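Here is the structure we will look at.
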Amino acid sequence: MAHALGHDVVFEDFFPSMVEKLGAEGFLKELSYGFRVLMDEEKEVITFESLKKNSELLGLKDNMSDDEVMCMLSEGDLDGDGCLNEMEFCVLMVRLSPDLMDISRMWLEETLAKL
């Protein structure tokens with residue numbers, strides 16, 4: 001299923017099938033790998049520049065506009081520093097997948113039920 005992220009940025013939602021195939025731990029490792037590919041190696045966060053440069057690695061269209069990059073950064077930037085740390089990136093990726101949000105909610109409920 002394709003999902004839009006502001007300003008007509010569209011990506012294909014493969015996350016639910018990845019979780020099914022890799023399991024939760026394997027999926028989180030893949031997200032971590034994706035973060036490392038996109039991050040600015042010196043700052044160890046995803047910056048405007050590193051996201052713009054590497055956007056095609058996300059399966060997004062080539063040459064994202066500055067507005068599209070800013071929209072993605074602001075959507076995931078929880079602490080207001082203008083960058084995405086690894087936790088913010090992972091949260092954003094999960095939030096962009098409605099099916100994965102449902103799976104996450106189920107995991108949370110199962111975990112809480114065990115307490």
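All residue names refer to the structure tokens as shown: chains lettered A, B, ... in order, residues numbered from 1 in each chain, ligands numbered from 1 in order.
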
Contacts between stretch 87-93 of chain A and stretch 16-77 of chain A, please, where a residue of stretch 16-77 of chain A counts if it comes within 12 Å (with only C-alpha atoms); show its shortest atom pair and distance in Å to one decimal, rows by chain and ascending number, as a tab-separated table.
residue	atom	partner	partner_atom	distance
A:Pro16	CA	A:Met93	CA	11.4
A:Phe27	CA	A:Cys90	CA	10.3
A:Leu28	CA	A:Cys90	CA	7.9
A:Lys29	CA	A:Cys90	CA	10.3
A:Glu30	CA	A:Cys90	CA	10.0
A:Leu31	CA	A:Cys90	CA	6.3
A:Ser32	CA	A:Cys90	CA	7.6
A:Tyr33	CA	A:Cys90	CA	10.6
A:Gly34	CA	A:Phe89	CA	9.1
A:Phe35	CA	A:Phe89	CA	6.8
A:Arg36	CA	A:Phe89	CA	10.3
A:Val37	CA	A:Phe89	CA	11.9
A:Leu38	CA	A:Phe89	CA	9.9
A:Met39	CA	A:Phe89	CA	10.0
A:Val45	CA	A:Phe89	CA	9.2
A:Ile46	CA	A:Phe89	CA	8.2
A:Thr47	CA	A:Phe89	CA	11.2
A:Leu51	CA	A:Phe89	CA	11.3
A:Leu58	CA	A:Met93	CA	10.6
A:Cys71	CA	A:Leu92	CA	11.9
A:Met72	CA	A:Leu92	CA	8.8
A:Leu73	CA	A:Phe89	CA	9.1
A:Ser74	CA	A:Leu92	CA	10.2
A:Glu75	CA	A:Leu92	CA	7.3
A:Gly76	CA	A:Leu92	CA	5.1
A:Asp77	CA	A:Glu88	CA	6.3

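Distances here use only C-alpha atoms; by that measure, the residue among A:Cys83, A:Glu109, A:Ser50, A:Ser55 closest to A:Glu68 is A:Ser55.
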
Atom CA of A:Met106 to atom CA of A:Val94, distance in Å rounded to a single decimal: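 Result for atom CA of A:Met106 versus atom CA of A:Val94: 13.4 Å, one decimal.
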